[in-house]
Amino acid sequence: MERVVVTIIGPTCSGKTSLSLMLAEELQTEIISADSRQIFKYLSIGTAKPTKEETDKIKHHFIDTLEPDVNYNISKFEIDGLKVIEDLFSKNKIPVVVGGSGLYIKALVDGIINDVETDDEYRAELMKQREEFGNEHIYNILREVDPQSAENMLPQNWKRVIRALEVFHISGKPIWQHHNEQKRDTDIKFLQYGLNWDREILYKNIEKRVDQMVNDGLLAELQNVLEMGFDRSVNALNTVGYKELYDFIDEKITLERAIELIKRDTRRFAKRQFTWFRRDERIKWFDVNSASDLSEIKNSILKDLELKTGL
RNA sequence: ACGUGAGUGGCUCAAUUGGCAGAGCAGCGGUCUCCAAAACCGCAGGUUGGGGGUUCGAAUCCCUCCUCACGUG
């Protein structure tokens, strides 16, 4: 049997979760979430996780698996995710991958550099130097050891600069060389389906959903996590829907303003997701105008699967 | 009706008092190979309410009309 993975992508609030549930039910399989935030426990309302009933019904991987202060990384996700995929294949199931985190999807579909780990100490050192001497300082270091990569980066984008330096530090080779050498042979075939919405309708839905989240207790959810002792600075809490609430908690802005900002940032996020996914020509897009279109899309995908796998 | 104030990009406001009309937000496009819901980059948009005048030069000064706000009737 051909080793096929169904992959559902799209911006936030596009109906990925519903569609994936329908598909998984029909295919009698499990769902692999490729979402950099739903993987954390306690952050449920703000990340629009599937409900407990839904996860009880269909098994989900990478949802609610980590404490918010855990430093997860994409390399781990690639390894863990592929493991689950293999496991499902061995049970004769077609894995369904769902997610809006483009890089997480990429890690599964194409792989990322896998021969260079991280060096937290060195990273911390670079961060310190950056704080002390500025972006230009670390950028200049990169320009010396790896001018070619430096050329394609801006000093302001310090995160990439640091990663490039880290790769060089660990491997002694510039990061672009790893990119060139990287290859992955696998017989797994990822069929990618995207949910495309008219921008205006999607934005309206986003606003509605943010209001719903607030009604459902978004603020209390955040306060609860903070009371548990997790610091605002942890990466999991540097998330749209939560980070905008800090200024309200500090009484710098009104709740109404904070909600406005959440809506704005969610719109911006959706836009960036479109930008990311748009350039991948392997994605087959479906136009969606309302949630009721999803079941038809599910059928199209199943039909496409039949064609491609001969099921 | 009279008085006062205001009118600048879709919105909120700048323009050193007469010297190239700018910014934030919204919008749109892009980058992305270990924090990615992150971190960045860019683009577009204005006959300065209309008309006239003064001036080498007007968003800015003068006249007039329109609109809005507040005050008085």
# chains A, B, ... in the order shown; residues from 1 in each chain; ligands from 1
>>> interface_residues(of="chain B", to="chain A", cutoff="12 Å", atoms="only C-alpha atoms (C1' of nucleotides)", output="list in words")
C25, A26, G27, C28, G29, G30, U31, C32, U33, C34, C35, A36, A37, A38, A39, C40 and C41 of chain B
>>> select_by_dssp(residues="stretch 13-216 of chain A", states="strand (DSSP E)", output="compact mmCIF listing (two decimals) with all heavy atoms, in the first residue's frame")
# COMPACT_ATOMS: atom_id res chain seq x y z
N ILE A 31 -5.08 11.93 14.44
CA ILE A 31 -4.69 13.24 13.94
C ILE A 31 -3.35 13.67 14.53
O ILE A 31 -3.10 13.53 15.72
CB ILE A 31 -5.77 14.29 14.27
CG1 ILE A 31 -7.00 14.02 13.39
CG2 ILE A 31 -5.26 15.70 14.08
CD1 ILE A 31 -8.17 14.93 13.68
N ILE A 32 -2.50 14.18 13.65
CA ILE A 32 -1.22 14.74 14.08
C ILE A 32 -1.32 16.25 13.96
O ILE A 32 -1.48 16.79 12.87
CB ILE A 32 -0.07 14.21 13.20
CG1 ILE A 32 0.06 12.70 13.39
CG2 ILE A 32 1.23 14.93 13.54
CD1 ILE A 32 0.92 12.04 12.35
N SER A 33 -1.26 16.92 15.09
CA SER A 33 -1.38 18.37 15.08
C SER A 33 -0.02 19.00 14.83
O SER A 33 0.96 18.67 15.50
CB SER A 33 -1.94 18.84 16.43
OG SER A 33 -1.72 20.22 16.59
N HIS A 60 -5.63 12.48 19.17
CA HIS A 60 -4.79 13.57 18.68
C HIS A 60 -3.38 13.45 19.23
O HIS A 60 -3.20 13.17 20.41
CB HIS A 60 -5.37 14.92 19.12
CG HIS A 60 -6.53 15.38 18.30
ND1 HIS A 60 -7.74 14.75 18.28
CD2 HIS A 60 -6.65 16.44 17.45
CE1 HIS A 60 -8.57 15.39 17.47
NE2 HIS A 60 -7.93 16.42 16.94
N HIS A 61 -2.42 13.71 18.39
CA HIS A 61 -1.03 13.75 18.85
C HIS A 61 -0.55 15.19 18.89
O HIS A 61 -0.94 16.00 18.05
CB HIS A 61 -0.13 12.94 17.90
CG HIS A 61 -0.52 11.49 17.83
ND1 HIS A 61 0.04 10.54 18.64
CD2 HIS A 61 -1.43 10.86 17.07
CE1 HIS A 61 -0.50 9.36 18.37
NE2 HIS A 61 -1.39 9.52 17.41
N VAL A 96 -3.46 11.78 9.36
CA VAL A 96 -3.99 13.09 8.99
C VAL A 96 -3.20 14.14 9.78
O VAL A 96 -3.25 14.16 11.01
CB VAL A 96 -5.49 13.21 9.31
CG1 VAL A 96 -5.98 14.64 9.08
CG2 VAL A 96 -6.29 12.24 8.44
N VAL A 97 -2.47 14.97 9.06
CA VAL A 97 -1.72 16.05 9.70
C VAL A 97 -2.50 17.34 9.53
O VAL A 97 -2.97 17.65 8.43
CB VAL A 97 -0.32 16.20 9.05
CG1 VAL A 97 0.39 17.44 9.57
CG2 VAL A 97 0.53 14.96 9.30
N VAL A 98 -2.66 18.09 10.61
CA VAL A 98 -3.37 19.36 10.54
C VAL A 98 -2.58 20.43 11.23
O VAL A 98 -2.10 20.21 12.34
CB VAL A 98 -4.70 19.35 11.34
CG1 VAL A 98 -5.61 20.46 10.85
CG2 VAL A 98 -5.34 18.02 11.28
N GLY A 99 -2.47 21.58 10.63
CA GLY A 99 -1.78 22.64 11.36
C GLY A 99 -1.62 23.91 10.59
O GLY A 99 -1.70 23.95 9.37
N LYS A 189 4.34 10.03 0.89
CA LYS A 189 3.80 11.02 -0.01
C LYS A 189 2.84 11.91 0.77
O LYS A 189 1.84 11.43 1.30
CB LYS A 189 3.05 10.30 -1.12
CG LYS A 189 2.80 11.13 -2.35
CD LYS A 189 2.06 10.24 -3.31
CE LYS A 189 2.06 10.63 -4.74
NZ LYS A 189 1.36 9.58 -5.52
N PHE A 190 3.18 13.19 0.86
CA PHE A 190 2.30 14.12 1.58
C PHE A 190 1.35 14.78 0.59
O PHE A 190 1.79 15.47 -0.33
CB PHE A 190 3.13 15.19 2.28
CG PHE A 190 3.88 14.67 3.48
CD1 PHE A 190 5.14 14.12 3.35
CD2 PHE A 190 3.31 14.72 4.75
CE1 PHE A 190 5.84 13.64 4.46
CE2 PHE A 190 3.99 14.24 5.86
CZ PHE A 190 5.26 13.70 5.71
N LEU A 191 0.08 14.54 0.79
CA LEU A 191 -0.92 15.23 -0.03
C LEU A 191 -1.39 16.43 0.77
O LEU A 191 -1.99 16.27 1.84
CB LEU A 191 -2.10 14.30 -0.33
CG LEU A 191 -1.76 13.03 -1.10
CD1 LEU A 191 -3.01 12.16 -1.26
CD2 LEU A 191 -1.17 13.36 -2.46
N GLN A 192 -1.11 17.61 0.26
CA GLN A 192 -1.43 18.81 1.04
C GLN A 192 -2.65 19.53 0.49
O GLN A 192 -2.73 19.83 -0.70
CB GLN A 192 -0.23 19.77 1.03
CG GLN A 192 1.02 19.18 1.65
CD GLN A 192 2.11 20.23 1.77
OE1 GLN A 192 2.04 21.10 2.62
NE2 GLN A 192 3.11 20.15 0.91
N TYR A 193 -3.59 19.79 1.39
CA TYR A 193 -4.81 20.48 1.02
C TYR A 193 -4.92 21.77 1.83
O TYR A 193 -4.73 21.76 3.05
CB TYR A 193 -6.03 19.60 1.28
CG TYR A 193 -5.96 18.28 0.55
CD1 TYR A 193 -5.52 17.12 1.19
CD2 TYR A 193 -6.30 18.20 -0.80
CE1 TYR A 193 -5.43 15.92 0.52
CE2 TYR A 193 -6.21 17.00 -1.49
CZ TYR A 193 -5.78 15.86 -0.83
OH TYR A 193 -5.69 14.67 -1.50
N GLY A 194 -5.23 22.86 1.15
CA GLY A 194 -5.31 24.16 1.83
C GLY A 194 -6.72 24.72 1.80
O GLY A 194 -7.46 24.50 0.84
N LEU A 195 -7.06 25.41 2.87
CA LEU A 195 -8.38 26.06 2.93
C LEU A 195 -8.22 27.54 2.65
O LEU A 195 -7.56 28.26 3.40
CB LEU A 195 -9.00 25.83 4.32
CG LEU A 195 -9.29 24.37 4.65
CD1 LEU A 195 -9.89 24.24 6.04
CD2 LEU A 195 -10.22 23.76 3.62
N ASN A 196 -8.81 27.96 1.56
CA ASN A 196 -8.67 29.35 1.14
C ASN A 196 -9.97 30.11 1.35
O ASN A 196 -11.02 29.66 0.92
CB ASN A 196 -8.28 29.39 -0.34
CG ASN A 196 -8.01 30.80 -0.81
OD1 ASN A 196 -7.44 31.61 -0.06
ND2 ASN A 196 -8.43 31.12 -2.01
N TRP A 197 -9.88 31.22 2.03
CA TRP A 197 -11.07 32.03 2.31
C TRP A 197 -10.93 33.40 1.68
O TRP A 197 -9.83 33.93 1.56
CB TRP A 197 -11.23 32.24 3.82
CG TRP A 197 -11.70 31.06 4.58
CD1 TRP A 197 -10.98 29.94 4.89
CD2 TRP A 197 -13.00 30.85 5.14
NE1 TRP A 197 -11.75 29.07 5.61
CE2 TRP A 197 -13.00 29.60 5.78
CE3 TRP A 197 -14.18 31.62 5.16
CZ2 TRP A 197 -14.11 29.09 6.44
CZ3 TRP A 197 -15.28 31.11 5.82
CH2 TRP A 197 -15.25 29.85 6.45
>>> closest_residue(among="A:Gly134, A:Pro50, A:Gly172, A:Pro95", to="A:Glu26", atoms="only C-alpha atoms")
A:Pro95
>>> select_by_dssp(residues="stretch 12-135 of chain A", states="helix (DSSP H, G or I)", output="number ranges by chain")
A: 16-27, 52-57, 74-90, 102-109, 120-133, 135
>>> atom_distance(atom1="atom C1' of B:A21", atom2="atom C1' of B:G45")
13.4 Å
>>> residues_around(residues="B:G7", least_positions_apart="3", cutoff="10 Å", atoms="only C-alpha atoms (C1' of nucleotides)", output="list in words")
U48, G49, U67 and C68 of chain B
>>> write_last_selection(atoms="all heavy atoms", output="short mmCIF file (atom, residue, chain, number, x, y, z; two decimals), in the first residue's frame")
data_model
loop_
_atom_site.label_atom_id
_atom_site.label_comp_id
_atom_site.auth_asym_id
_atom_site.auth_seq_id
_atom_site.Cartn_x
_atom_site.Cartn_y
_atom_site.Cartn_z
P U B 48 -4.51 70.02 -2.12
OP1 U B 48 -5.16 71.37 -2.17
OP2 U B 48 -3.12 69.89 -1.75
"O5'" U B 48 -5.40 69.09 -1.15
"C5'" U B 48 -6.54 69.63 -0.49
"C4'" U B 48 -6.48 69.30 0.98
"O4'" U B 48 -5.14 68.89 1.35
"C3'" U B 48 -6.85 70.46 1.90
"O3'" U B 48 -7.61 69.95 2.98
"C2'" U B 48 -5.49 70.95 2.41
"O2'" U B 48 -5.57 71.54 3.67
"C1'" U B 48 -4.72 69.63 2.48
N1 U B 48 -3.26 69.81 2.40
C2 U B 48 -2.56 69.85 3.58
O2 U B 48 -3.11 69.74 4.67
N3 U B 48 -1.22 70.03 3.45
C4 U B 48 -0.51 70.16 2.30
O4 U B 48 0.71 70.31 2.35
C5 U B 48 -1.30 70.11 1.11
C6 U B 48 -2.63 69.94 1.19
P G B 49 -8.69 70.94 3.60
OP1 G B 49 -8.35 72.34 3.37
OP2 G B 49 -8.81 70.39 4.98
"O5'" G B 49 -10.05 70.63 2.83
"C5'" G B 49 -10.46 69.29 2.58
"C4'" G B 49 -11.78 69.32 1.87
"O4'" G B 49 -12.81 69.73 2.83
"C3'" G B 49 -11.87 70.36 0.76
"O3'" G B 49 -11.34 69.90 -0.45
"C2'" G B 49 -13.38 70.61 0.71
"O2'" G B 49 -14.05 69.54 0.06
"C1'" G B 49 -13.73 70.60 2.20
N9 G B 49 -13.57 71.92 2.80
C8 G B 49 -12.68 72.28 3.79
N7 G B 49 -12.77 73.54 4.11
C5 G B 49 -13.77 74.04 3.29
C6 G B 49 -14.29 75.35 3.19
O6 G B 49 -13.99 76.37 3.82
N1 G B 49 -15.31 75.43 2.23
C2 G B 49 -15.73 74.38 1.47
N2 G B 49 -16.70 74.65 0.60
N3 G B 49 -15.25 73.14 1.55
C4 G B 49 -14.27 73.05 2.47
P U B 67 -24.19 73.31 4.35
OP1 U B 67 -25.50 72.65 4.17
OP2 U B 67 -24.11 74.59 5.10
"O5'" U B 67 -23.19 72.27 5.03
"C5'" U B 67 -23.05 70.96 4.51
"C4'" U B 67 -21.98 70.22 5.28
"O4'" U B 67 -20.69 70.85 5.08
"C3'" U B 67 -22.15 70.22 6.79
"O3'" U B 67 -23.08 69.24 7.23
"C2'" U B 67 -20.73 69.94 7.27
"O2'" U B 67 -20.40 68.57 7.16
"C1'" U B 67 -19.90 70.73 6.26
N1 U B 67 -19.55 72.08 6.74
C2 U B 67 -18.47 72.18 7.61
O2 U B 67 -17.82 71.22 7.98
N3 U B 67 -18.18 73.45 8.03
C4 U B 67 -18.83 74.61 7.68
O4 U B 67 -18.45 75.69 8.13
C5 U B 67 -19.93 74.43 6.78
C6 U B 67 -20.25 73.20 6.35
P C B 68 -23.90 69.50 8.56
OP1 C B 68 -24.92 68.43 8.66
OP2 C B 68 -24.31 70.93 8.62
"O5'" C B 68 -22.79 69.25 9.69
"C5'" C B 68 -22.28 67.94 9.91
"C4'" C B 68 -21.11 68.00 10.87
"O4'" C B 68 -20.08 68.88 10.34
"C3'" C B 68 -21.41 68.59 12.24
"O3'" C B 68 -22.03 67.67 13.10
"C2'" C B 68 -20.01 68.98 12.71
"O2'" C B 68 -19.29 67.86 13.17
"C1'" C B 68 -19.37 69.49 11.42
N1 C B 68 -19.46 70.97 11.29
C2 C B 68 -18.53 71.75 12.00
O2 C B 68 -17.70 71.19 12.72
N3 C B 68 -18.59 73.10 11.90
C4 C B 68 -19.51 73.67 11.12
N4 C B 68 -19.52 75.00 11.05
C5 C B 68 -20.46 72.90 10.38
C6 C B 68 -20.40 71.56 10.49
#
>>> closest_residue(among="A:Ser149, A:Thr51, A:Thr17, A:Thr7", to="A:Ile105", atoms="only C-alpha atoms")
A:Thr7
>>> decode(residues="stretch 139-158 of chain A", atoms="N, CA and C atoms", output="short mmCIF file (atom, residue, chain, number, x, y, z; two decimals), in the first residue's frame")
data_model
loop_
_atom_site.label_atom_id
_atom_site.label_comp_id
_atom_site.auth_asym_id
_atom_site.auth_seq_id
_atom_site.Cartn_x
_atom_site.Cartn_y
_atom_site.Cartn_z
N TYR A 139 25.81 40.58 14.12
CA TYR A 139 25.75 40.48 12.66
C TYR A 139 27.16 40.53 12.06
N ASN A 140 27.99 41.37 12.63
CA ASN A 140 29.37 41.47 12.14
C ASN A 140 30.17 40.20 12.38
N ILE A 141 29.86 39.54 13.49
CA ILE A 141 30.53 38.27 13.73
C ILE A 141 30.17 37.29 12.61
N LEU A 142 28.88 37.26 12.29
CA LEU A 142 28.43 36.35 11.23
C LEU A 142 29.08 36.71 9.91
N ARG A 143 29.20 38.01 9.66
CA ARG A 143 29.77 38.43 8.38
C ARG A 143 31.19 37.93 8.22
N GLU A 144 31.85 37.78 9.36
CA GLU A 144 33.22 37.29 9.28
C GLU A 144 33.29 35.80 9.01
N VAL A 145 32.46 35.04 9.72
CA VAL A 145 32.58 33.57 9.57
C VAL A 145 31.77 33.04 8.40
N ASP A 146 30.67 33.70 8.08
CA ASP A 146 29.79 33.19 7.03
C ASP A 146 29.18 34.35 6.24
N PRO A 147 30.03 35.01 5.45
CA PRO A 147 29.57 36.21 4.74
C PRO A 147 28.39 35.93 3.81
N GLN A 148 28.38 34.75 3.26
CA GLN A 148 27.33 34.45 2.28
C GLN A 148 25.95 34.45 2.92
N SER A 149 25.85 33.84 4.09
CA SER A 149 24.57 33.85 4.79
C SER A 149 24.23 35.25 5.28
N ALA A 150 25.25 35.93 5.76
CA ALA A 150 25.02 37.28 6.29
C ALA A 150 24.41 38.17 5.23
N GLU A 151 24.87 37.99 4.02
CA GLU A 151 24.37 38.80 2.92
C GLU A 151 22.85 38.70 2.76
N ASN A 152 22.33 37.51 3.05
CA ASN A 152 20.90 37.30 2.88
C ASN A 152 20.08 37.61 4.13
N MET A 153 20.72 38.21 5.10
CA MET A 153 20.00 38.53 6.33
C MET A 153 20.19 39.99 6.66
N LEU A 154 19.27 40.50 7.45
CA LEU A 154 19.41 41.85 7.96
C LEU A 154 19.80 41.77 9.42
N PRO A 155 20.63 42.71 9.87
CA PRO A 155 21.07 42.69 11.27
C PRO A 155 19.90 42.71 12.24
N GLN A 156 18.83 43.40 11.85
CA GLN A 156 17.67 43.48 12.75
C GLN A 156 17.08 42.12 13.04
N ASN A 157 17.21 41.23 12.07
CA ASN A 157 16.58 39.93 12.27
C ASN A 157 17.51 39.01 13.04
N TRP A 158 17.69 39.39 14.29
CA TRP A 158 18.71 38.77 15.12
C TRP A 158 18.49 37.28 15.36
#
